[in-house]
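One structure below.
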Amino acid sequence: MFVARSIAADHKDLIHDVSFDFHGRRMATCSSDQSVKVWDKSENGDWHCTASWKTHSGSVWRVTWAHPEFGQVLASCSFDRTAAVWEEIVGESNDKLRGQSHWVKRTTLVDSRTSVTDVKFAPKHMGLMLATCSADGIVRIYEAPDVMNLSQWSLQHEISCKLSCSCISWNPSSSRAHSPMIAVGSDDSSPNAMAKVQIFEYNENTRKYVKAETLMTVTDPVHDIAFAPNLGRSFHILAVATKDVRIFTLKPVRKELTSSGGPTKFDIHIVAQFDNHNSQVWRVSWNITGTVLASSGDDGCVRLWKANYMDNWKCTGILKGNGSPVNGNSQPGNSNPSLGSNIPNLQNSLNGSSISRKHS
Amino acid sequence: MEKMSRVTTALGGSVLTGRTMHCHLDAPANAISVCRDAAQVVVAGRSIFKVYAIEEEQFVEKLNLRVGRKPSLNLSCADVVWHQMDENLLATAATNGVVVTWNLGRPSRNKQDQLFTEHKRTVNKVSFHPTEAHMLLSGSQDGFMKCFDLRRKDSVSTFSGQSESVRDVQFSVRDYFTFASTFENGNVQLWDIRRPDRCEKMFTAHNGPVFCCDWHPEDRGWLATGGRDKMVKVWDVTTPRAREVHCVQTIASVARVKWRPECRHHLATCSMMVDHNIYVWDVRRPFVPAAMFEEHRDVTTGIAWRHPHDPSFLLSGSKDSTLCQHLFRDASQPVERANPEGLCYGLFGDLAFAAKESLVTTELGRKPYAGDRRHPIFFKRKLDPAEPFAGLASSALSIFETETSGSGISWFVDTAQRYALAGRPLAELCDHNAKVARELGRNQVAQTWTMLRIIYCSPGLVPSTNLNHSVGRGSSCGLQLMSSFNLKEMAPGLGNETWLDRSKGDTRSDTVLLDSSATLITNEDNEETEGSDVPADYLLGDVEGDEEELYLLDPEHTHTDEPEYVLPQEAFPLRHEIVDTPPGPEHLQDKADSPHVSGNEADTASLAPVDSFSLISVSHALYDNRLPPDFFSTLVRDMLHFYAEQGDVQMAVSVLIVLGERVRKDIDEQAQEHWYTSYIDLLQRFRLWNVSNQVVKLSTSRAISCLNQASTSLHVNCSHCKRPMSGRGWVCGRCHRCASMCAVCHHVVKGLFVWCQGCSHGGHLQHIMKWLEGSSHCPAGCGHLCEYS
């Protein structure tokens, strides 16, 4: 099923984030070496680095693409306490002849006094908006009032989370029935057991973000959080990477039942919890339809999770980071007997099919 | 050298203990310095000059050196240094240019010893010779460095940097005669103390001021410098030209740099503004600090390792008026908290995964990473082979691609492109779409289409393949089909939409109402799936009379109805194409075509009449009297919701469009809009612009269909007079000629017209593209080098 293609990223320190663009043809990587690289997929499927530049003066934690309607725009955030917005410049230049594109910084967001740990563009229907979160526990929401002018961003909201924030995720739903919503995860490792995932919702009346929910069951440091693409669902699916992988569903309780004006109440259920990584889970990412979740953990593996029609989430694949097959596929504590049957497929395809290419 | 080692032994005996602690000062500190016994620290600032004893649990103020009534500028200290050989000897640099020495051994309250008023401006730095008792060096804003012999009243020698202000001066630890000085213009100079006429060596170390420098305590040739350019650089100055060995990138301008004792590659830095933290870096990992102290609330102004041979205690003074002792083991380690992995799901089901190499490396002979690199030799050079270093990290980036055949999300693209949404009679649309779905191996979807067709159209038109497909499974009416496919589809491995039967409950509640005598037709099918726990009465029992009978009924009707239904519809495909597109008229037209139905129409017009008549023809007697007219719309609505909740918004929207008015009013307007926007967004992701546009066009939701009407103005210039066209058609108002002539074929362009914004000439897209393959000049011959993006 899967073929591993390894890419010589040539980053000089750890890569902290990888991000595909809206159309899946471009990829951005960011690293502690303070640079961001942009990769373009050629016709034959190879990835070529078309830009690499120093973006910050500290580790770059996250990089993310804006909707292409706003141009070829990236945002990055860094240990150096800033987030930055970058735009690709089109035009004839020497760079282009060498197959390199040119990115210019449009703005630097300097409001944080501590490391900016995540940056995410809001769903397109909200306009050109950007949320950042920082280690001092503040989520900031910026807006570019004029989408043609990427150098003007105004700070619209500051949400205090009381806990050092590590990750944010916008609810991607485009439904008018769903108010803008943002989930925030904290990696605060202090011993006091506070809930580490908070969900804030925009209130039309007060024009402020107010806390809608707190996932009380998540008390361990959270490293990543991701709403699934909504695609017309009436409810939301949220994946949380903490010491295990957790999947929550949030069903809005009907508005008529709640007092109008207040935040939406949600019926929250944990639908899956997997400790198969046997260690910290660092990243979660949804496929385009929100039906398959990929998670990666300290074990160096990517695991794929999918629900069957009974809403039973199961592992449907394990991918080893370097493309080598995984040994010992069924792990203790795994409640899924059918797991084993899916994996040989995967292993066979991974065996010896790892392709190593250099970019030119 | 000998003296140095003696000092070491003398100090080596003591064992340091302590904890992370801080004490409040009365005023902001500018600099601190530690006594050689590691038990006392002096803090100096504009309005503070005190000696503190470092005790196990706390700092204790021992001495206030700021005495006298009237505050003297001489006491406004920019720097302070404690002699490393004499516990009683201190020197301060004052902001008014005075260098003061202090003798703590003096019996009087005023410990001031000597006053040198030779500098004209602020003295930035003072430095004692590490082994010579009486030698003091100062560096000032006025650009001069002076060497004082404490036994004399005046300076022994003056060194002129011949450049801007001196920011730091430091005697070399190892070379008796050498000292380094740093300047605001970015230069570093190395001097021989015996030769004041000119420096031995000079090199540009930083872009902008060099604020600080520190000699490596062990390595003779290493000098660390820090500058406003946020960098710390380590230089090997033994070579004729100073060579940059390491370069550390910090997040703010570097105010102080101090090598960590006993750790060859570690150094501590603090910043001049913005950043209040102290960082300890391993110079071999130049981007991520090894440790971070976050205690201070304002800029850290002075840092000092407590003991020259103990790597665990760091002292610091700050503008926030505190003095801190940091324990290295209490430091936060950004490296540990940094996320070692990146993961992103791609559009086509591919996964990009970057992970720290050590996490993904299997023990069994993973190739050294140099093999992956473009310049292995270059990278190898940087690794110090004598000292294996675990901290240096790199990530492996790989992309897991789904193999092109079959899997992945290609079904989505195929489906989107091949589905027919309008322009044909409903029955044909359903059949076509069912066929598409089946060919892509999506049986559940295929069955749904077939059933929709059965529900809404005369069964006489169901091709035998479709019928067999459904009937062969033992279902004889649309309702059962629907119930059965929900379950059946769940067989593992069926691929892309084996998700969850979320709406099963809903469906059941509807169907249970109608349940009378359950006939379990599809149970066998269910058993292979995991859904065998579904109760037996799940299937609709309202189909009285058994399947055989119904099956037999079908061909009968087919025969009778065929001439009436099939012929007219196939005879006038074009007519349908035109009339069908708007959902409203299509509906009426559809029925007008079928005389059989038209009789019914009057009484059911308001209620989506088509809902029932399909089955009526199958088993007219069975349904006509029993089922409410909107019976199916409930089911269809649930079915649409089911697909939407499953993540298959494509199906929901496609059905919505195909059925048009038949189901539209049964579904919440907002939900419809939500589906449309989601689906359009998805189509745009896959660059299926035409499909997306078609969906927008066919959508029944007002909010969606207006998407196509935004920013549709086209601005063109006349190709003759180059004036902007004024929106009065294609004839230029100025020169009265037709503006949209193709420059290649000289015909009027209808359709895709492309024109150069430079010269206003253009023409048919194909013609221009073809022309530009051969020439880059304008085809009109105007000589313009046309550009099209």
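Each chain of the structure tokens is named A, B, ... in the order shown, its residues numbered from 1; ligands are numbered from 1 in display order.
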Residues of chain B within 7 Å of chain A, counting only C-alpha atoms, what are they? List them as a PyMOL selection string. chain B and resi 249-251+287-288+339-347+349+352-356+359-361+372-373+393-395+397-403+490+498-502+644-645+647+649+670+674-675+677-679+685-686
Show which residues sit within 8 Å of Glu201 (chain A), as an mmCIF file with C-alpha atoms, in the first residue's frame. Count only C-alpha atoms, and ignore same-chain residues fewer than 3 positions away.
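And here is the file that came out, around.cif:
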```
data_model
loop_
_atom_site.group_PDB
_atom_site.id
_atom_site.type_symbol
_atom_site.label_atom_id
_atom_site.label_comp_id
_atom_site.auth_asym_id
_atom_site.auth_seq_id
_atom_site.Cartn_x
_atom_site.Cartn_y
_atom_site.Cartn_z
ATOM 1 C CA SER A 179 -19.207 29.226 15.421
ATOM 2 C CA PRO A 180 -15.469 29.644 14.944
ATOM 3 C CA MET A 181 -13.783 27.386 17.409
ATOM 4 C CA ILE A 182 -10.216 26.744 18.409
ATOM 5 C CA TYR A 209 -13.647 33.961 22.396
ATOM 6 C CA VAL A 210 -14.945 32.221 25.453
ATOM 7 C CA LYS A 211 -14.094 28.858 26.835
ATOM 8 C CA ALA A 212 -16.661 26.368 25.639
ATOM 9 C CA PRO A 263 -21.274 29.202 24.511
ATOM 10 C CA THR A 264 -22.384 26.092 22.707
#
```
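Across the model, the gap from CA of Asp648 (chain B) to CA of Thr700 (chain B) is 19.4 Å.
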Selected residue of minimal separation from Ala144 (chain A) among A:Phe70, A:Ile89, A:Ser112, A:Pro191, counting only C-alpha atoms: A:Phe70
Region 111-199 of chain A: residues DSSP assigns to strand (DSSP E or B), reported as an MDAnalysis selection string: chainID A and resid 116:121 129:134 138:143 154:160 165:170 181:186 197:199
What gap, in Å, lies between CA of Ser776 (chain B) and CA of Trp689 (chain B)? 29.0 Å
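Proximity ranking of B:Leu659, B:Cys212, B:Ile667, B:Ile32 relative to Asp638 (chain B) places B:Ile667 first, based on only C-alpha atoms.
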Just want the 9 Å neighbourhood of Leu250 (chain A), counted on only C-alpha atoms, with same-chain residues fewer than 5 positions away dropped. Output as a ChimeraX atom specification. /A:235-238,266-270
Would you output that residue set with N, CA and C atoms, as a PDB file, in the first residue's frame?
```
ATOM      1  N   PHE A 235     -21.126  16.985  13.695  1.00  0.00           N
ATOM      2  CA  PHE A 235     -20.342  16.973  14.934  1.00  0.00           C
ATOM      3  C   PHE A 235     -18.867  17.150  14.576  1.00  0.00           C
ATOM      4  N   HIS A 236     -18.028  17.286  15.583  1.00  0.00           N
ATOM      5  CA  HIS A 236     -16.610  17.509  15.341  1.00  0.00           C
ATOM      6  C   HIS A 236     -15.800  16.358  15.903  1.00  0.00           C
ATOM      7  N   ILE A 237     -14.693  16.081  15.252  1.00  0.00           N
ATOM      8  CA  ILE A 237     -13.805  15.032  15.742  1.00  0.00           C
ATOM      9  C   ILE A 237     -12.473  15.682  16.072  1.00  0.00           C
ATOM     10  N   LEU A 238     -11.971  15.391  17.241  1.00  0.00           N
ATOM     11  CA  LEU A 238     -10.733  16.013  17.694  1.00  0.00           C
ATOM     12  C   LEU A 238      -9.756  14.926  18.094  1.00  0.00           C
ATOM     13  N   PHE A 266     -21.410  21.051  24.405  1.00  0.00           N
ATOM     14  CA  PHE A 266     -21.092  19.903  23.572  1.00  0.00           C
ATOM     15  C   PHE A 266     -21.271  18.617  24.346  1.00  0.00           C
ATOM     16  N   ASP A 267     -21.670  17.646  23.591  1.00  0.00           N
ATOM     17  CA  ASP A 267     -21.735  16.294  24.106  1.00  0.00           C
ATOM     18  C   ASP A 267     -20.397  15.669  23.743  1.00  0.00           C
ATOM     19  N   ILE A 268     -19.536  15.488  24.718  1.00  0.00           N
ATOM     20  CA  ILE A 268     -18.181  15.040  24.388  1.00  0.00           C
ATOM     21  C   ILE A 268     -18.025  13.564  24.726  1.00  0.00           C
ATOM     22  N   HIS A 269     -17.537  12.832  23.753  1.00  0.00           N
ATOM     23  CA  HIS A 269     -17.278  11.418  24.004  1.00  0.00           C
ATOM     24  C   HIS A 269     -15.873  11.096  23.570  1.00  0.00           C
ATOM     25  N   ILE A 270     -15.219  10.283  24.356  1.00  0.00           N
ATOM     26  CA  ILE A 270     -13.939   9.776  23.881  1.00  0.00           C
ATOM     27  C   ILE A 270     -14.256   8.504  23.120  1.00  0.00           C
TER      28      ILE A 270
END
```
Correct to one decimal, the distance CA of Pro261 (chain B)-CA of Arg243 (chain B) is 22.9 Å
Just checking: using only C-alpha atoms, which residue out of A:Glu158, A:Glu213, A:Asp111, A:Glu143 ends up closest to Met126 (chain A)?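 Using only C-alpha atoms, the shortest distance to Met126 (chain A) belongs to A:Glu143.
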